[in-house]
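Okay, structure first, notes after.
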Amino acid sequence: MNETRLKRTPLFDEHVAAGGKIVPFGGFEMPVQYTSIIEEHTAVRTRAGLFDVSHMGEILIRGPRALDFVQKISCNDHAKMAVGRAQYTGLMYPEGTFVDDMLVHKMADDEYFLVVNAANTDKDFAYIQDVAQGEDGVEVVNQSADYAQLALQGPLALEVLQPLTQTDLDAIRYYRFTWGEVRGHRAIIARTGYTGEDGFEVYVAPGHAVAIWRAILSEGGSKGVVPVGLGARDTLRLEAGMCLYGNDIDRTTTPLEAGLAWIVKLDKGDFIGRDVLERQAQEGVQRKLVGFEMIDRGIARHGFPVMLKPDDEEAAGVVTSGTHSPTLRKPIGMAYVPSGAAEPGREIWISIRGQVRKALIVPLPFYSRKRKTKA
Amino acid sequence: MSVPKDLRYTKTHEWIRREGDVAVLGITHYAQDQLGEVVYVELPDAGTRAAPGEELGTLESVKAVSELFSPVGGEVIAVNERLTDAPHLVNDDPFGEGWLVKIKISEEPELLDAAAYEKLVAEESQ
């Protein structure tokens, strides 16, 4: 980060009052934890947790040619989406690599609402505007300042949020959303999340964020619902095998390398980066993102070198994310390794502060919930 | 913030308690609070010799890694084996059951007393 002044979300004072430890993240001052990362993580897995994710960016693409334009910048196929659906995708460079990863919400036939990473919002907006230069029938609007976003995640999310809205939450299926009201305030209510649990993401005007935040905690307090910081957000998403931009994916990696072939739709027509991805699909990728568990002790963290043999002098790959898994109670991580060495069950070696430690490639995700909602 | 009066402290947030010519070593309440829940402790074997300020091991939380520096010179004579399975003792009882190693002292530099350490923490917390 440079010296530019850090921004605050409308919930900043709530975080401080709740004892949140504040850290800089994506250009914002955000709570990394309130009580403990492990306790907050466990709350989300077993009950529910409330996250302030107002730092996320929102970019609206609208106009008669909005769909064509979204199809051009994204590697997934949005042509068959119904209004009220959300889809995960990559915003692509011509190299087939990630400008960002994002959620595309179809608001109307001529309106697509993109939710992007906080640290990338300005970059994404500039990039999208640049691509849109000279395109007729497309308008790009940065709406990031118009929305606060709250995420309520965990098995109790539905029963805690339901009393606060007239919208039938159970009728919103996974990766669907609807406009509704939460505590009388107009909101987008989406059944999406970044934790591997059932849950909802609620987008509201910034001025209403505090009232809704307090209402959810008041409603859920007796059920063990707690505020959750970015620390547990990271352990939760990593257990669920979800990529983090800047760690596991970035402008040097393609979705095919990152194990995200399911968001690459080569048959949808042309899009930015398609030729690179088509060639990778035909010839295969050189490296793949894999999950690993440590066999030896220690946590292998972002940037640590990966070797295929314990005495290899040269690194064959690199750790992209690593943490202690509160659910599995062991160190886990993700790493890029050569494609020929990416099969689960293979041992790899990771240099942890100069000491070579053994790890095992395992299938992703590390954790998946028992699904009650219809996919 | 708890800072027991009978201990000596380092600028890197270790404490020692003198028991004859042996120093019991741990990290302070402030240090464990900054680090977060300790999930992994790596300590030297008994018999390891350390100079004052030398790295003795590491403590890892979910988010961060912290090095442990030896406040004194000497030989490690005991390691808190309970921390292998219960690293959270460092958080639960940093000045007691969460002790890390015992060192037979051969060299003891001047360390901070409780008042000086409290002042240091107050400055760092600002």
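If you're wondering about the labels, chains in the structure tokens are A, B, ... by order shown, residues count from 1 in each chain, ligands from 1 in order shown.
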Original post:
Taking the backbone alone, and naming residues the way the document does, which bits of region 21-144 of chain A are strand (DSSP E) by DSSP, as number ranges by chain?
Top reply: A: 21-25, 28-33, 49-52, 57-62, 86-92, 98-108, 111-116, 139-142
Since we have the selection now, will you write its residues out, keeping N, CA and C atoms, as a tab-separated table (two decimals), in the first residue's frame?
chain	number	residue	atom	x	y	z
A	21	LYS	N	-9.60	-5.72	16.40
A	21	LYS	CA	-8.22	-5.28	16.11
A	21	LYS	C	-8.19	-4.79	14.68
A	22	ILE	N	-7.84	-3.53	14.49
A	22	ILE	CA	-7.96	-2.91	13.18
A	22	ILE	C	-6.63	-2.99	12.43
A	23	VAL	N	-6.69	-3.42	11.18
A	23	VAL	CA	-5.49	-3.50	10.34
A	23	VAL	C	-5.81	-2.90	8.97
A	24	PRO	N	-4.77	-2.47	8.24
A	24	PRO	CA	-5.03	-2.01	6.88
A	24	PRO	C	-5.27	-3.19	5.95
A	25	PHE	N	-6.30	-3.11	5.12
A	25	PHE	CA	-6.57	-4.18	4.16
A	25	PHE	C	-7.28	-3.59	2.95
A	28	PHE	N	-8.49	-0.12	3.18
A	28	PHE	CA	-9.44	0.19	4.26
A	28	PHE	C	-8.84	-0.19	5.61
A	29	GLU	N	-9.37	0.45	6.65
A	29	GLU	CA	-9.08	0.02	8.01
A	29	GLU	C	-10.15	-0.99	8.41
A	30	MET	N	-9.73	-2.25	8.55
A	30	MET	CA	-10.71	-3.33	8.76
A	30	MET	C	-10.36	-4.15	10.00
A	31	PRO	N	-11.38	-4.77	10.61
A	31	PRO	CA	-11.11	-5.63	11.78
A	31	PRO	C	-10.54	-6.98	11.34
A	32	VAL	N	-9.39	-7.36	11.87
A	32	VAL	CA	-8.83	-8.67	11.53
A	32	VAL	C	-9.40	-9.74	12.47
A	33	GLN	N	-9.72	-9.32	13.70
A	33	GLN	CA	-10.39	-10.23	14.64
A	33	GLN	C	-10.99	-9.41	15.77
A	49	GLY	N	-21.73	-16.28	11.63
A	49	GLY	CA	-20.91	-15.11	11.91
A	49	GLY	C	-21.28	-13.98	10.96
A	50	LEU	N	-21.09	-12.76	11.45
A	50	LEU	CA	-21.44	-11.57	10.67
A	50	LEU	C	-20.17	-10.83	10.27
A	51	PHE	N	-20.00	-10.61	8.98
A	51	PHE	CA	-18.82	-9.94	8.45
A	51	PHE	C	-19.20	-8.59	7.86
A	52	ASP	N	-18.36	-7.60	8.09
A	52	ASP	CA	-18.45	-6.34	7.34
A	52	ASP	C	-17.58	-6.50	6.10
A	57	GLY	N	-15.77	-3.85	-3.79
A	57	GLY	CA	-16.17	-2.87	-4.78
A	57	GLY	C	-17.40	-3.34	-5.56
A	58	GLU	N	-18.22	-2.39	-6.00
A	58	GLU	CA	-19.38	-2.70	-6.82
A	58	GLU	C	-19.32	-1.87	-8.10
A	59	ILE	N	-19.38	-2.55	-9.24
A	59	ILE	CA	-19.32	-1.86	-10.53
A	59	ILE	C	-20.52	-2.31	-11.36
A	60	LEU	N	-21.29	-1.32	-11.83
A	60	LEU	CA	-22.49	-1.64	-12.61
A	60	LEU	C	-22.18	-1.46	-14.10
A	61	ILE	N	-22.56	-2.49	-14.88
A	61	ILE	CA	-22.47	-2.41	-16.34
A	61	ILE	C	-23.90	-2.36	-16.85
A	62	ARG	N	-24.27	-1.29	-17.57
A	62	ARG	CA	-25.66	-1.23	-18.03
A	62	ARG	C	-25.74	-0.66	-19.44
A	86	ALA	N	-26.46	-15.13	-9.74
A	86	ALA	CA	-25.08	-14.65	-9.55
A	86	ALA	C	-24.13	-15.72	-10.07
A	87	GLN	N	-23.03	-15.27	-10.66
A	87	GLN	CA	-22.02	-16.22	-11.17
A	87	GLN	C	-20.62	-15.74	-10.83
A	88	TYR	N	-19.78	-16.69	-10.45
A	88	TYR	CA	-18.37	-16.40	-10.18
A	88	TYR	C	-17.60	-16.43	-11.49
A	89	THR	N	-16.67	-15.51	-11.65
A	89	THR	CA	-15.89	-15.47	-12.90
A	89	THR	C	-14.59	-14.71	-12.71
A	90	GLY	N	-13.80	-14.67	-13.78
A	90	GLY	CA	-12.59	-13.88	-13.80
A	90	GLY	C	-12.72	-12.72	-14.77
A	91	LEU	N	-12.19	-11.56	-14.32
A	91	LEU	CA	-12.04	-10.40	-15.20
A	91	LEU	C	-10.67	-10.59	-15.86
A	92	MET	N	-10.64	-10.66	-17.19
A	92	MET	CA	-9.46	-11.19	-17.88
A	92	MET	C	-8.60	-10.13	-18.56
A	98	PHE	N	-5.65	-12.99	-14.59
A	98	PHE	CA	-6.68	-12.30	-13.83
A	98	PHE	C	-6.39	-10.82	-13.60
A	99	VAL	N	-7.30	-9.95	-14.05
A	99	VAL	CA	-7.34	-8.59	-13.52
A	99	VAL	C	-7.89	-8.68	-12.09
A	100	ASP	N	-8.87	-9.59	-11.94
A	100	ASP	CA	-9.52	-9.79	-10.66
A	100	ASP	C	-10.42	-11.02	-10.77
A	101	ASP	N	-10.88	-11.53	-9.64
A	101	ASP	CA	-12.01	-12.46	-9.69
A	101	ASP	C	-13.22	-11.72	-9.14
A	102	MET	N	-14.41	-12.12	-9.55
A	102	MET	CA	-15.58	-11.30	-9.20
A	102	MET	C	-16.85	-12.11	-9.30
A	103	LEU	N	-17.91	-11.56	-8.70
A	103	LEU	CA	-19.25	-12.12	-8.84
A	103	LEU	C	-20.04	-11.22	-9.77
A	104	VAL	N	-20.67	-11.84	-10.78
A	104	VAL	CA	-21.54	-11.10	-11.71
A	104	VAL	C	-22.98	-11.40	-11.33
A	105	HIS	N	-23.75	-10.35	-11.01
A	105	HIS	CA	-25.17	-10.49	-10.69
A	105	HIS	C	-25.98	-9.91	-11.86
A	106	LYS	N	-26.91	-10.70	-12.38
A	106	LYS	CA	-27.76	-10.16	-13.44
A	106	LYS	C	-28.98	-9.49	-12.82
A	107	MET	N	-28.98	-8.13	-12.87
A	107	MET	CA	-30.06	-7.35	-12.26
A	107	MET	C	-31.24	-7.24	-13.22
A	108	ALA	N	-30.93	-7.14	-14.51
A	108	ALA	CA	-31.94	-6.98	-15.56
A	108	ALA	C	-31.24	-7.37	-16.86
A	111	GLU	N	-28.55	-4.93	-17.32
A	111	GLU	CA	-27.85	-4.48	-16.11
A	111	GLU	C	-27.14	-5.62	-15.40
A	112	TYR	N	-25.83	-5.49	-15.29
A	112	TYR	CA	-25.03	-6.50	-14.59
A	112	TYR	C	-24.24	-5.81	-13.49
A	113	PHE	N	-24.31	-6.40	-12.29
A	113	PHE	CA	-23.73	-5.80	-11.08
A	113	PHE	C	-22.52	-6.66	-10.70
A	114	LEU	N	-21.32	-6.08	-10.80
A	114	LEU	CA	-20.10	-6.83	-10.54
A	114	LEU	C	-19.59	-6.51	-9.13
A	115	VAL	N	-19.28	-7.53	-8.37
A	115	VAL	CA	-18.71	-7.33	-7.04
A	115	VAL	C	-17.25	-7.79	-7.10
A	116	VAL	N	-16.35	-6.85	-6.80
A	116	VAL	CA	-14.91	-7.08	-7.00
A	116	VAL	C	-14.15	-6.86	-5.70
A	139	GLU	N	-22.60	1.43	-20.45
A	139	GLU	CA	-22.20	2.43	-19.47
A	139	GLU	C	-21.60	1.69	-18.27
A	140	VAL	N	-20.47	2.21	-17.77
A	140	VAL	CA	-19.79	1.59	-16.63
A	140	VAL	C	-19.84	2.57	-15.46
A	141	VAL	N	-20.40	2.12	-14.32
A	141	VAL	CA	-20.56	3.01	-13.17
A	141	VAL	C	-19.92	2.37	-11.94
A	142	ASN	N	-19.03	3.11	-11.30
A	142	ASN	CA	-18.44	2.63	-10.04
A	142	ASN	C	-19.40	2.98	-8.91
Subject >> Residues within 9 Å of Thr84 (chain B), only C-alpha atoms, excluding chain neighbours under 5 positions, as a ChimeraX atom specification >> reply: /B:40-42
Subject >> Which of B:His88, B:Lys102, B:Arg18, B:Lys119 sits closest to chain A [using only C-alpha atoms] >> reply: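 The closest residue to chain A is B:His88.
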Original post:
So which residues touch Ser325 (chain A) within 12 Å, counting only C-alpha atoms, skipping near sequence neighbours fewer than 4 positions away, as an MDAnalysis selection string?
Top reply: (chainID A and resid 37:38 41:42 231:241 292:294 299:300 321 329:333 366:367) or (chainID B and resid 39:40 61:63)
Subject >> Non-local contacts of Lys265 (chain A) (8 Å; only C-alpha atoms; under 2 positions in same chain excluded) as a PyMOL selection string >> reply: chain A and resi 75-77+262-263+267-268
Pull N, CA, C and O atoms from the residues just selected and write them as a tab-separated table (two decimals), in the first residue's frame.
chain	number	residue	atom	x	y	z
A	75	CYS	N	-14.46	-14.53	-18.37
A	75	CYS	CA	-14.22	-15.83	-19.00
A	75	CYS	C	-15.40	-16.79	-18.85
A	75	CYS	O	-15.48	-17.78	-19.57
A	76	ASN	N	-16.32	-16.51	-17.93
A	76	ASN	CA	-17.49	-17.38	-17.78
A	76	ASN	C	-18.56	-16.96	-18.78
A	76	ASN	O	-18.46	-15.91	-19.41
A	77	ASP	N	-19.58	-17.80	-18.92
A	77	ASP	CA	-20.65	-17.51	-19.89
A	77	ASP	C	-21.88	-17.00	-19.14
A	77	ASP	O	-22.48	-17.74	-18.35
A	262	TRP	N	-13.91	-24.61	-14.54
A	262	TRP	CA	-15.37	-24.51	-14.56
A	262	TRP	C	-15.88	-23.09	-14.79
A	262	TRP	O	-17.05	-22.90	-15.09
A	263	ILE	N	-15.00	-22.08	-14.68
A	263	ILE	CA	-15.44	-20.72	-15.01
A	263	ILE	C	-14.93	-20.29	-16.39
A	263	ILE	O	-15.09	-19.13	-16.76
A	267	ASP	N	-16.54	-22.07	-25.46
A	267	ASP	CA	-17.53	-22.18	-26.54
A	267	ASP	C	-18.54	-21.05	-26.55
A	267	ASP	O	-19.49	-21.06	-27.32
A	268	LYS	N	-18.35	-20.03	-25.70
A	268	LYS	CA	-19.36	-18.96	-25.62
A	268	LYS	C	-19.14	-17.88	-26.68
A	268	LYS	O	-19.95	-16.97	-26.81
Original post:
Can you tell me, as a list in words, what residues are no more than 9 Å from Asp110 (chain A) when counting only C-alpha atoms, ignoring any on the same chain fewer than 5 positions away?
Top reply: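 Result of the neighbour search: Ile61, Arg62, Gly63, Pro64, Arg65, Ala66 and Leu67 of chain A.
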**OP:** Find the residue from A:Gln133, A:Thr9, A:Thr254, A:Thr35 that sits nearest to chain B; use only C-alpha atoms when measuring.
**Re:** A:Thr35
**OP:** May I have the residues of chain A within 7 Å of chain B, counting only C-alpha atoms, written as a list in words?
**Re:**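 The contacting residues on chain A are Ser36, Gly231, Gly298, Thr323 and His324 of chain A.
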**OP:** Write out as an NGL selection string all residues of region 42-98 of chain B that DSSP puts in alpha helix (DSSP H) for this structure's backbone.
**Re:** :B and (82-85 or 89-92)
Based on the selection just made, write N, CA and C atoms of those residues as a tab-separated table (two decimals), in the first residue's frame.
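What landed in again-v5.tsv:
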chain	number	residue	atom	x	y	z
B	82	ARG	N	4.61	-29.76	27.11
B	82	ARG	CA	3.14	-29.70	27.02
B	82	ARG	C	2.69	-28.83	25.84
B	83	LEU	N	3.56	-27.93	25.42
B	83	LEU	CA	3.16	-26.99	24.36
B	83	LEU	C	3.01	-27.67	23.01
B	84	THR	N	3.60	-28.84	22.84
B	84	THR	CA	3.46	-29.56	21.57
B	84	THR	C	1.98	-29.83	21.29
B	85	ASP	N	1.29	-30.31	22.33
B	85	ASP	CA	-0.13	-30.63	22.16
B	85	ASP	C	-1.06	-29.51	22.62
B	89	LEU	N	-1.58	-22.84	25.76
B	89	LEU	CA	-1.16	-22.46	27.12
B	89	LEU	C	-0.38	-21.15	27.11
B	90	VAL	N	0.31	-20.88	25.99
B	90	VAL	CA	1.05	-19.62	25.88
B	90	VAL	C	0.09	-18.44	25.96
B	91	ASN	N	-1.12	-18.60	25.41
B	91	ASN	CA	-2.12	-17.53	25.50
B	91	ASN	C	-2.83	-17.54	26.84
B	92	ASP	N	-3.16	-18.74	27.30
B	92	ASP	CA	-3.99	-18.87	28.50
B	92	ASP	C	-3.25	-18.42	29.76
Original post:
Using only C-alpha atoms, which residues sit within 7 Å of Gly53 (chain B) once same-chain residues fewer than 4 positions away are excluded, as an NGL selection string?
Top reply: :B and (69-71)
Generate a file of the selected residues that holds N, CA, C and O atoms, formatted as an mmCIF file, in the first residue's frame.
data_model
loop_
_atom_site.group_PDB
_atom_site.id
_atom_site.type_symbol
_atom_site.label_atom_id
_atom_site.label_comp_id
_atom_site.auth_asym_id
_atom_site.auth_seq_id
_atom_site.Cartn_x
_atom_site.Cartn_y
_atom_site.Cartn_z
ATOM 1 N N PHE B 69 13.627 -14.962 21.119
ATOM 2 C CA PHE B 69 15.039 -14.666 21.308
ATOM 3 C C PHE B 69 15.433 -14.953 22.752
ATOM 4 O O PHE B 69 14.660 -14.700 23.668
ATOM 5 N N SER B 70 16.628 -15.461 22.912
ATOM 6 C CA SER B 70 17.096 -15.781 24.263
ATOM 7 C C SER B 70 17.528 -14.503 24.976
ATOM 8 O O SER B 70 18.427 -13.817 24.513
ATOM 9 N N PRO B 71 16.911 -14.194 26.107
ATOM 10 C CA PRO B 71 17.305 -12.974 26.834
ATOM 11 C C PRO B 71 18.680 -13.116 27.476
ATOM 12 O O PRO B 71 19.325 -12.120 27.762
#
Subject >> All residues 8 Å or closer to region 76-79 of chain B, only C-alpha atoms, same chain fewer than 5 positions away omitted, as a list in words >> reply: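 That gives Leu43, Pro44, Asp45, Ala46, Gly47, Thr48, Arg49, Ala50, Leu100, Val101, Lys102, Ile103 and Lys104 of chain B.
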Subject >> Two-atom distance - CA of Lys5 (chain B), CA of Ala115 (chain B) (Å) >> reply: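 Going from CA of Lys5 (chain B) over to CA of Ala115 (chain B) covers 7.9 Å.
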Original post:
Which residue, A:Val264, A:Ala209, A:Ala151, A:Val290, has the smallest gap to Gly193 (chain A) when you use only C-alpha atoms?
Top reply: A:Ala151
